[in-house]
Amino acid sequence: MKKALRDLVRAQPELSAYQVTYGFPRRDPERRWVFIGEVLWQDSTWATNRSREEEFSISTVINCQMSGATSEDVENELQRMAAGIENGLKANPSLGVHGVVTTDFVPKKLVSFPADQVYEGQLECALRVKARL
């Protein structure tokens, strides 16, 4: 599912200028990147004697640095990028992964701050997944 989410993000036209990584980006990442990160399981229970239901989330961080921008500019850009990911999920909620029942893209934390002569921000989100395996 994590690989499918990375591939979905890479395919979004709104994110074409962003580096998209499976795990942490390299030490000096481009100033616009999307990080598909940790997976956390909230629940895993047997639904029948042959299948299990799992609920988990995949951490997703969108980062943006803009010259000559304001906090509002950066936060608007981050929200635009998140909307691109969410629209891709609406078009294909299971991301083509067998057993996925539902997905939900949830924003968690938005922060922006001045950095040298630019403004930078991050939007932390989670892709919540319910699957029957």
# chains A, B, ... in the order shown; residues from 1 in each chain; ligands from 1
$ select_by_dssp --residues "chain A" --states "strand (DSSP E or B)" --output "PyMOL selection string"
chain A and resi 19-22+32-46+52-67+100-115+118-132
$ residues_around --residues "Ser16 (chain A)" --least-positions-apart "3" --cutoff "12 Å" --atoms "only C-alpha atoms" --output "short mmCIF file (atom, residue, chain, number, x, y, z; two decimals) with N, CA, C and O atoms, in the first residue's frame"
data_model
loop_
_atom_site.label_atom_id
_atom_site.label_comp_id
_atom_site.auth_asym_id
_atom_site.auth_seq_id
_atom_site.Cartn_x
_atom_site.Cartn_y
_atom_site.Cartn_z
N LEU A 8 0.98 6.86 -6.65
CA LEU A 8 -0.13 7.79 -6.88
C LEU A 8 0.34 9.23 -6.77
O LEU A 8 0.02 10.06 -7.62
N VAL A 9 1.11 9.54 -5.73
CA VAL A 9 1.59 10.91 -5.54
C VAL A 9 2.47 11.33 -6.71
O VAL A 9 2.34 12.42 -7.23
N ARG A 10 3.36 10.44 -7.16
CA ARG A 10 4.24 10.76 -8.29
C ARG A 10 3.45 11.03 -9.56
O ARG A 10 3.89 11.78 -10.43
N ALA A 11 2.27 10.44 -9.70
CA ALA A 11 1.48 10.57 -10.93
C ALA A 11 0.63 11.85 -10.96
O ALA A 11 0.08 12.18 -12.00
N GLN A 12 0.53 12.57 -9.85
CA GLN A 12 -0.32 13.76 -9.80
C GLN A 12 0.37 14.94 -10.48
O GLN A 12 1.49 15.29 -10.12
N PRO A 13 -0.28 15.56 -11.46
CA PRO A 13 0.35 16.69 -12.16
C PRO A 13 0.72 17.83 -11.22
O PRO A 13 1.71 18.51 -11.42
N GLN A 19 9.90 16.20 -5.22
CA GLN A 19 10.59 14.93 -5.05
C GLN A 19 9.69 14.06 -4.17
O GLN A 19 9.22 14.50 -3.13
N VAL A 20 9.42 12.84 -4.59
CA VAL A 20 8.56 11.92 -3.83
C VAL A 20 9.40 10.71 -3.45
O VAL A 20 9.97 10.06 -4.32
N ARG A 32 11.12 21.10 -2.38
CA ARG A 32 9.71 20.70 -2.47
C ARG A 32 9.70 19.19 -2.55
O ARG A 32 10.18 18.63 -3.53
N TRP A 33 9.18 18.54 -1.52
CA TRP A 33 9.19 17.08 -1.49
C TRP A 33 8.01 16.53 -0.73
O TRP A 33 7.39 17.20 0.07
N VAL A 34 7.73 15.27 -1.03
CA VAL A 34 6.69 14.51 -0.34
C VAL A 34 7.35 13.25 0.19
O VAL A 34 8.04 12.55 -0.54
N MET A 81 -1.22 20.98 -2.76
CA MET A 81 -0.56 19.70 -3.00
C MET A 81 -1.35 18.56 -2.35
O MET A 81 -1.54 17.51 -2.95
N GLY A 84 -4.28 17.59 -4.37
CA GLY A 84 -3.92 16.74 -5.50
C GLY A 84 -3.85 15.27 -5.10
O GLY A 84 -4.34 14.39 -5.81
N ILE A 85 -3.25 15.00 -3.93
CA ILE A 85 -3.18 13.62 -3.44
C ILE A 85 -4.58 13.10 -3.14
O ILE A 85 -4.95 11.99 -3.52
#
$ residues_around --residues "Ile62 (chain A)" --least-positions-apart "2" --cutoff "7 Å" --atoms "only C-alpha atoms" --output "list of chain:residue names"
A:Trp33, A:Val34, A:Phe35, A:Thr60, A:Cys64, A:Leu78, A:Gln122, A:Leu123, A:Glu124
$ write_last_selection --atoms "C-alpha atoms" --output "compact mmCIF listing (two decimals), in the first residue's frame"
# COMPACT_ATOMS: atom_id res chain seq x y z
CA TRP A 33 9.19 17.08 -1.49
CA VAL A 34 6.69 14.51 -0.34
CA PHE A 35 7.75 11.86 2.14
CA THR A 60 2.75 11.46 4.58
CA CYS A 64 7.61 23.36 0.51
CA LEU A 78 0.87 22.83 0.81
CA GLN A 122 5.21 21.30 6.21
CA LEU A 123 1.86 19.57 6.12
CA GLU A 124 1.75 16.26 7.96
$ closest_residue --among "A:Glu120, A:Glu55, A:Asp43, A:Asp104" --to "Glu72 (chain A)" --atoms "only C-alpha atoms"
A:Glu120
$ select_by_dssp --residues "chain A" --states "alpha helix (DSSP H)" --output "VMD selection string"
chain A and resid 2 to 11 71 to 91
$ residues_around --residues "Ala131 (chain A)" --least-positions-apart "2" --cutoff "6 Å" --atoms "only C-alpha atoms" --output "list in words"
Glu53, Glu54, Gly99, Val100 and Val101 of chain A
$ atom_distance --atom1 "CA of Ser71 (chain A)" --atom2 "CA of Asp7 (chain A)"
29.0 Å
$ atom_distance --atom1 "CA of Cys125 (chain A)" --atom2 "CA of Ser67 (chain A)"
24.1 Å
$ atom_distance --atom1 "CA of Val118 (chain A)" --atom2 "CA of Thr21 (chain A)"
23.1 Å
$ closest_residue --among "A:Gly23, A:Gly37, A:Pro107, A:Gly96" --to "Gln79 (chain A)" --atoms "only C-alpha atoms"
A:Pro107
$ closest_residue --among "A:Gly68, A:Ala17, A:Asn76, A:Trp41" --to "Ser112 (chain A)" --atoms "only C-alpha atoms"
A:Asn76
$ closest_residue --among "A:Gln117, A:Ser51, A:Asn87, A:Ser44" --to "Met66 (chain A)" --atoms "only C-alpha atoms"
A:Gln117
$ residues_around --residues "Gln42 (chain A)" --least-positions-apart "4" --cutoff "10 Å" --atoms "only C-alpha atoms" --output "VMD selection string"
chain A and resid 54 to 57 128 to 130
